[in-house]
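Take a look at the structure below.
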Protein chains: 2
Amino acid sequence: MDFDAAIIGSGAGGYYSALRLLKHGKKVLIIEKEKFGGECLNYGCIPSKALIELSENIGYLHDMPGVTMNYKIDMKEWQEWKESMVKRITGGAEKLCISLGAKVVYGVGSVKDRNTVTVNGTDYTAKNIIINTGSVPVKIKGIDDVYYNREMLAVETIPAKLVIIGGGYIGVEMGTAFRKLGSEVYIVEMKDRILPEIEEDLAREVDKRLRKLGVNIMTGMKVLSVKKDKNYKVSIEGSDTIEADTVLMSVGRIPNTEGSGIEKLGIEMDGRFIKTDSHKRTNIPNIYAIGDVSGVPMLAHKAFYDGYVAAENILGNDTVVDYRAMPFVVYTDPEIAFTGKAGTKSNKVPVLANPRSLTMNQKDGFFKLYYDDDGTITGAGVAAPRSSESITEISLAVESGLSIDDLFLTIHPHPTVSEGLKDAAERRD
Amino acid sequence: MDFDAAIIGSGAGGYYSALRLLKHGKKVLIIEKEKFGGECLNYGCIPSKALIELSENIGYLHDMPGVTMNYKIDMKEWQEWKESMVKRITGGAEKLCISLGAKVVYGVGSVKDRNTVTVNGTDYTAKNIIINTGSVPVKIKGIDDVYYNREMLAVETIPAKLVIIGGGYIGVEMGTAFRKLGSEVYIVEMKDRILPEIEEDLAREVDKRLRKLGVNIMTGMKVLSVKKDKNYKVSIEGSDTIEADTVLMSVGRIPNTEGSGIEKLGIEMDGRFIKTDSHKRTNIPNIYAIGDVSGVPMLAHKAFYDGYVAAENILGNDTVVDYRAMPFVVYTDPEIAFTGKAGTKSNKVPVLANPRSLTMNQKDGFFKLYYDDDGTITGAGVAAPRSSESITEISLAVESGLSIDDLFLTIHPHPTVSEGLKDAAERRD
């Protein structure tokens, strides 16, 4: 055998499992068909957070009493900065893997048999195979030549008029950011509300804020066609046609197994996903599947975690997944974060009662803590500034079986946004 | 007895203990000599965080490639916004106390005997007394007419040239903020480094960044005199005299017991502080002391916590203080946060390895996690963006006796700054 593990796809879960195996002396092959680091680092979470950060700073100064600001954004120059920032992360990850002994091969990796992977016509043998082929955006037949997340995050001018098809987290994050950067924005969503994947009270905070920002939210509406001439013409059922210079399609993502060769091996599927057990093994025990291709939620931190579990099992440390405190974040205004699940009880504290949020000129949202009758924390839903950072204390509490008293009696620095969660943990009885 | 508790000083600890007692049906008198909410809300943490937030947004856009920005700040208008924001918090706290039945009296509260407090010549009797008289800035004899935190946070123009005497956390926070807002800044510190109250490696990150921002740091230097004519003339031992339009004095704070009458009652002192036991009781068991006046650290969240402990004891719930995970934050660039204590081991992860920080164009700092041989987390020191928010998961871990494995296996959302702490929790062996 050439390798202890061959990993197809260097995205979040792939390079993470590689690092874990390499640190324990294993021989690792990483196969990447495009850019090292995959979708999240190159085209997803990382560039989108950079753009959102830019828009938030501009939005803050725009709204701040006493501040008058004129600004110009040379998006081409900004994109160069963004690319160099991304390259620092992806290049760093690749170099680290190589310095620890990994072989990195570029091309489409295809499973030939349970111990062989073919790349560009060359066979590599491995004791274990990890499939981490990720996901691709859903495309709608007949709607071509529109923007997806990749193109949207690579724009060299800020759109004058942007129509977003799909009001899920990607659509809403991009809609918020480009609105703050000056675009006229339309979000068209088939379901009756935006962010249908998250709890309604959290989504409502984002909906309210988007409307205040002047975003046109069209829910319960279906796009019939998108025609491209000089501009796009978006035809919507029961509404006027919208003309726009940019159309973003963000109606979801599907697992990517194209070219992976798994169908020949009889690997069991769960719909379009590769089916795995609690060890992240497929029905062929030395073949693992992790990240987006192995099931929802399609999130980089879930992929990291899957990669950890697969690597541990390859290392002989019997390890099963525990998704009980899987966080979910939407980087909107307010920022949405969720972890765990509802309990028998809940406490809600408004952002208006959180001094730190007020110092940021933020007033929308709430902190909702879920717990059981005996006080055990079960989860939280937060719509507040920087909730992506404060949610983790709740994940840690859920993982560790902590109670609202444990949380309440932990001294939170003042003033912080996380005090909102502490306040929600104060006993009401 | 007129009241179950008379609370002298409506600052953080005072209004918090009042709320706790009121919610349990107790009759409460709150005595305030100035503004409801005390130093932190009116003149300290809250206005300073608002100013720092403004400066951070401007600093970010100033440094961001591709962005050209012209801005003007009408500080008078901004101060009006700040005042209304502060008033929302202080007014909200006062109204809540009154709506729950508290009597609020304005004037200097003086303890007459163990059950009587005098305000403006009127005696009020109470079963318990809570002394929460806070602290005042240290003034140096012969140096008059300079700015302290109150005046500094109320400026109606941004200083052209600002000399800060004292490089502790207040001086360094204000120096960073005003530098980003355009002031020429000098920080003069007698000790051989800035932020002498925090760990040296954390302080070094702030020192490096301040120098990059162009702040003049003069350590190991003593101010001999400050003369005010049209401008200030600051004479420094072994250096040229500096002329400046603004001089901030921030050489520390001392407990405030002026007018409290405690000397007549024979209340035991610990230096200038009121001595308390683990229940926050003075040597007179029905008289409590909380917050700054009862010992270091002088922090609002310590005062809240003290207020909780005093209130619980008054409610008959035997409760002692547990300061083992007392966080400390300095809102600089990078933001500094510390909690707990050193262990036998530590892991350090640089900010450069934290993708979320890079998306914010932040590269300085580190995440340092302390733990014992058996893996039990003992504390952390963080110099990174938003460390005030991420530090709490470590406080919670210390309070709950959690291990580095508990932290590492908690799924942290990606990308977040708090992932730096998770990465520091990865076993190196």
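Identifiers in this document derive from the order of the structure tokens: chains are assigned A, B, ..., residues are numbered from 1 separately in each chain, and ligands are numbered from 1 in order of occurrence.
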Could you list, as a list in words, every residue of chain B that has an atom within 6 Å of an atom of chain A, counting only C-alpha atoms?
Ala50, Asn57, Pro65, Gly66, Val67, Thr68, Met69, Asn70, Tyr71, Lys72, Ile73, Asp74, Glu77, Trp78, His301, Pro327, Thr359, Glu389, Ser390, Glu393, Leu396, Thr410, Pro413 and His414 of chain B
What's the 12 Å shell around Gly307 of chain B, counting only C-alpha atoms, without same-chain residues fewer than 6 positions away, as a VMD selection string?
chain B and resid 7 to 21 129 to 132 279 to 281 288 to 292 294 300 to 301 313 to 314 319 to 321
Step one, run DSSP on the backbone; step two, keep only residues of segment 227-349 of chain B assigned to strand (DSSP E or B); then write them as an MDAnalysis selection string.
chainID B and resid 227:228 232:236 242:244 246:249 253:255 269:270 273:274 281 287:289 328:330 336:340 345:349
Atoms to include: N, CA and C atoms. Write the selected residues as a short mmCIF file (atom, residue, chain, number, x, y, z; two decimals), in the first residue's frame.
```cif
data_model
loop_
_atom_site.label_atom_id
_atom_site.label_comp_id
_atom_site.auth_asym_id
_atom_site.auth_seq_id
_atom_site.Cartn_x
_atom_site.Cartn_y
_atom_site.Cartn_z
N LYS B 227 1.76 72.15 33.30
CA LYS B 227 1.36 73.57 33.43
C LYS B 227 0.31 73.84 32.36
N LYS B 228 -0.71 74.58 32.76
CA LYS B 228 -1.72 74.92 31.76
C LYS B 228 -1.75 76.42 31.51
N TYR B 232 -1.39 72.86 27.31
CA TYR B 232 -0.69 72.21 28.42
C TYR B 232 0.79 72.11 28.08
N LYS B 233 1.64 72.21 29.10
CA LYS B 233 3.06 71.92 28.95
C LYS B 233 3.39 70.81 29.93
N VAL B 234 3.73 69.64 29.38
CA VAL B 234 4.00 68.48 30.22
C VAL B 234 5.51 68.30 30.31
N SER B 235 6.05 68.48 31.51
CA SER B 235 7.49 68.36 31.71
C SER B 235 7.80 66.95 32.20
N ILE B 236 8.71 66.27 31.50
CA ILE B 236 9.00 64.87 31.76
C ILE B 236 10.48 64.73 32.09
N ILE B 242 6.57 68.38 26.51
CA ILE B 242 5.60 68.19 25.42
C ILE B 242 4.47 69.19 25.58
N GLU B 243 4.15 69.85 24.49
CA GLU B 243 3.02 70.77 24.50
C GLU B 243 1.82 70.06 23.87
N ALA B 244 0.69 70.19 24.49
CA ALA B 244 -0.49 69.46 23.98
C ALA B 244 -1.76 70.21 24.34
N THR B 246 -4.53 68.56 25.09
CA THR B 246 -5.28 67.73 26.02
C THR B 246 -4.34 66.83 26.82
N VAL B 247 -4.56 66.75 28.11
CA VAL B 247 -3.78 65.84 28.96
C VAL B 247 -4.75 64.97 29.75
N LEU B 248 -4.63 63.66 29.56
CA LEU B 248 -5.46 62.72 30.31
C LEU B 248 -4.64 62.12 31.43
N MET B 249 -5.15 62.19 32.63
CA MET B 249 -4.49 61.59 33.78
C MET B 249 -5.18 60.26 34.09
N ARG B 253 -7.03 54.20 40.20
CA ARG B 253 -8.22 54.62 40.94
C ARG B 253 -8.09 54.18 42.39
N ILE B 254 -8.72 54.92 43.28
CA ILE B 254 -8.72 54.54 44.69
C ILE B 254 -10.16 54.46 45.19
N PRO B 255 -10.37 53.58 46.19
CA PRO B 255 -11.74 53.43 46.70
C PRO B 255 -12.25 54.74 47.29
N MET B 269 -10.96 48.25 57.96
CA MET B 269 -10.47 48.56 56.62
C MET B 269 -9.32 47.62 56.26
N ASP B 270 -9.07 47.55 54.97
CA ASP B 270 -7.90 46.83 54.47
C ASP B 270 -7.18 47.85 53.58
N PHE B 273 -9.37 50.15 51.31
CA PHE B 273 -10.59 49.40 51.00
C PHE B 273 -11.36 49.03 52.26
N ILE B 274 -12.66 48.84 52.10
CA ILE B 274 -13.44 48.29 53.21
C ILE B 274 -13.22 46.78 53.22
N ARG B 281 -19.59 40.60 53.74
CA ARG B 281 -19.97 41.32 54.96
C ARG B 281 -18.76 42.04 55.52
N ILE B 287 -23.93 44.90 57.66
CA ILE B 287 -23.42 45.91 56.71
C ILE B 287 -22.49 45.24 55.72
N TYR B 288 -22.83 45.35 54.45
CA TYR B 288 -22.06 44.73 53.37
C TYR B 288 -21.29 45.80 52.61
N ALA B 289 -20.19 45.40 51.97
CA ALA B 289 -19.51 46.31 51.04
C ALA B 289 -19.23 45.53 49.76
N PHE B 328 -10.76 39.63 32.84
CA PHE B 328 -10.22 40.99 32.76
C PHE B 328 -10.05 41.31 31.29
N VAL B 329 -10.61 42.42 30.84
CA VAL B 329 -10.57 42.75 29.41
C VAL B 329 -9.96 44.14 29.21
N VAL B 330 -9.13 44.28 28.21
CA VAL B 330 -8.67 45.60 27.78
C VAL B 330 -9.08 45.75 26.32
N ILE B 336 -7.55 42.47 24.51
CA ILE B 336 -6.91 41.58 25.48
C ILE B 336 -7.96 41.03 26.44
N ALA B 337 -7.90 39.73 26.70
CA ALA B 337 -8.78 39.16 27.71
C ALA B 337 -8.02 38.09 28.47
N PHE B 338 -8.31 38.01 29.73
CA PHE B 338 -7.64 37.05 30.60
C PHE B 338 -8.66 36.49 31.57
N THR B 339 -8.53 35.21 31.89
CA THR B 339 -9.36 34.64 32.96
C THR B 339 -8.61 33.51 33.64
N GLY B 340 -8.99 33.20 34.87
CA GLY B 340 -8.39 32.07 35.60
C GLY B 340 -6.95 32.33 35.97
N LYS B 345 0.79 23.54 32.21
CA LYS B 345 1.06 23.53 30.77
C LYS B 345 0.33 24.67 30.07
N SER B 346 0.77 24.97 28.87
CA SER B 346 0.02 25.95 28.06
C SER B 346 0.24 25.67 26.58
N ASN B 347 -0.74 26.02 25.79
CA ASN B 347 -0.62 25.97 24.32
C ASN B 347 -0.92 27.36 23.78
N LYS B 348 -0.18 27.74 22.77
CA LYS B 348 -0.34 29.08 22.19
C LYS B 348 -0.59 28.93 20.70
N VAL B 349 -1.63 29.56 20.19
CA VAL B 349 -1.95 29.57 18.76
C VAL B 349 -1.93 31.02 18.28
#
```
If we count only C-alpha atoms, what is near Arg150 of chain B at a cut-off of 9 Å, once residues fewer than 5 positions away on the same chain are taken out, given as a compact mmCIF listing (two decimals) with N, CA, C and O atoms, in the first residue's frame?
```txt
# COMPACT_ATOMS: atom_id res chain seq x y z
N GLU B 39 -20.36 55.10 37.89
CA GLU B 39 -19.22 55.43 37.03
C GLU B 39 -19.24 54.63 35.72
O GLU B 39 -19.06 55.18 34.64
N ASN B 42 -22.23 55.62 33.31
CA ASN B 42 -22.26 57.03 32.92
C ASN B 42 -20.95 57.56 32.35
O ASN B 42 -20.95 58.36 31.42
N TYR B 43 -19.83 57.11 32.93
CA TYR B 43 -18.55 57.75 32.58
C TYR B 43 -17.43 56.76 32.26
O TYR B 43 -16.30 57.17 32.04
N GLY B 44 -17.71 55.47 32.33
CA GLY B 44 -16.63 54.50 32.19
C GLY B 44 -16.85 53.53 31.05
O GLY B 44 -16.80 53.91 29.88
```
Report the distance between atom CA of Met152 of chain B and atom CA of Ser183 of chain B in Å, rounded to one decimal place.
12.8 Å
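Residue neighbourhood of Ile143 of chain A, excluding near-sequence residues (fewer than 3 positions): Ile140, Ser225 and Val226 of chain A, at 7 Å, using only C-alpha atoms.
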The selected residues should be written to file as a CSV table (one decimal), in the first residue's frame (atoms: N, CA, C and O atoms).
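Below you can see part15.csv, which holds the result:
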```
chain,number,residue,atom,x,y,z
A,140,ILE,N,-30.9,25.7,-11.8
A,140,ILE,CA,-32.2,25.5,-12.3
A,140,ILE,C,-32.2,25.4,-13.8
A,140,ILE,O,-31.6,26.3,-14.4
A,225,SER,N,-38.5,32.9,-15.1
A,225,SER,CA,-37.4,32.8,-16.0
A,225,SER,C,-36.4,34.0,-15.8
A,225,SER,O,-36.8,35.0,-15.2
A,226,VAL,N,-35.2,33.7,-16.2
A,226,VAL,CA,-34.2,34.8,-16.1
A,226,VAL,C,-33.6,34.9,-17.5
A,226,VAL,O,-33.0,33.9,-18.1
```
Could you go through segment 59-230 of chain A and tell me which residues DSSP, when run on the backbone, assigns to alpha helix (DSSP H), listing them as a PyMOL selection string?
chain A and resi 59-63+75-99+149-152+169-180+200-212
Which residues are close to Gln362 of chain A, i.e. within 9 Å by only C-alpha atoms, leaving aside same-chain residues fewer than 6 positions away? Reply as number ranges by chain.
A: 333-334, 351-352, 356, 384-385
Next, write the just-selected residues to a file, as a PDB file, in the first residue's frame, keeping N, CA and C atoms as the atom set.
```pdb
ATOM      1  N   ASP A 333     -27.569  40.868   9.975  1.00  0.00           N
ATOM      2  CA  ASP A 333     -27.709  41.982  10.895  1.00  0.00           C
ATOM      3  C   ASP A 333     -29.126  41.931  11.440  1.00  0.00           C
ATOM      4  N   PRO A 334     -29.368  41.516  12.691  1.00  0.00           N
ATOM      5  CA  PRO A 334     -28.374  41.004  13.625  1.00  0.00           C
ATOM      6  C   PRO A 334     -27.848  39.636  13.195  1.00  0.00           C
ATOM      7  N   VAL A 351     -32.117  42.342  23.007  1.00  0.00           N
ATOM      8  CA  VAL A 351     -30.848  43.042  22.767  1.00  0.00           C
ATOM      9  C   VAL A 351     -30.891  44.446  23.369  1.00  0.00           C
ATOM     10  N   LEU A 352     -32.068  45.050  23.403  1.00  0.00           N
ATOM     11  CA  LEU A 352     -32.229  46.385  24.001  1.00  0.00           C
ATOM     12  C   LEU A 352     -31.794  46.421  25.455  1.00  0.00           C
ATOM     13  N   ARG A 356     -23.714  46.321  25.881  1.00  0.00           N
ATOM     14  CA  ARG A 356     -22.668  46.254  24.867  1.00  0.00           C
ATOM     15  C   ARG A 356     -23.232  46.431  23.460  1.00  0.00           C
ATOM     16  N   ALA A 384     -28.193  38.649  17.655  1.00  0.00           N
ATOM     17  CA  ALA A 384     -27.506  39.749  18.333  1.00  0.00           C
ATOM     18  C   ALA A 384     -26.140  39.934  17.693  1.00  0.00           C
ATOM     19  N   PRO A 385     -25.502  41.097  17.920  1.00  0.00           N
ATOM     20  CA  PRO A 385     -24.163  41.255  17.360  1.00  0.00           C
ATOM     21  C   PRO A 385     -23.235  40.146  17.864  1.00  0.00           C
TER      22      PRO A 385
END
```
Looking at only C-alpha atoms, which of B:Lys222, B:Lys139, B:Lys212, B:Lys161 is the one that sits closest to Met190 of chain B?
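Counting only C-alpha atoms, the residue closest to Met190 of chain B is B:Lys222.
Rounded to one decimal, atom CA of Asp4 of chain A and atom CA of Ser135 of chain A lie 25.4 Å from each other.
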For atom CA of Ala424 of chain A and atom CA of Ser403 of chain A, the interatomic separation in Å (one decimal)
12.1 Å
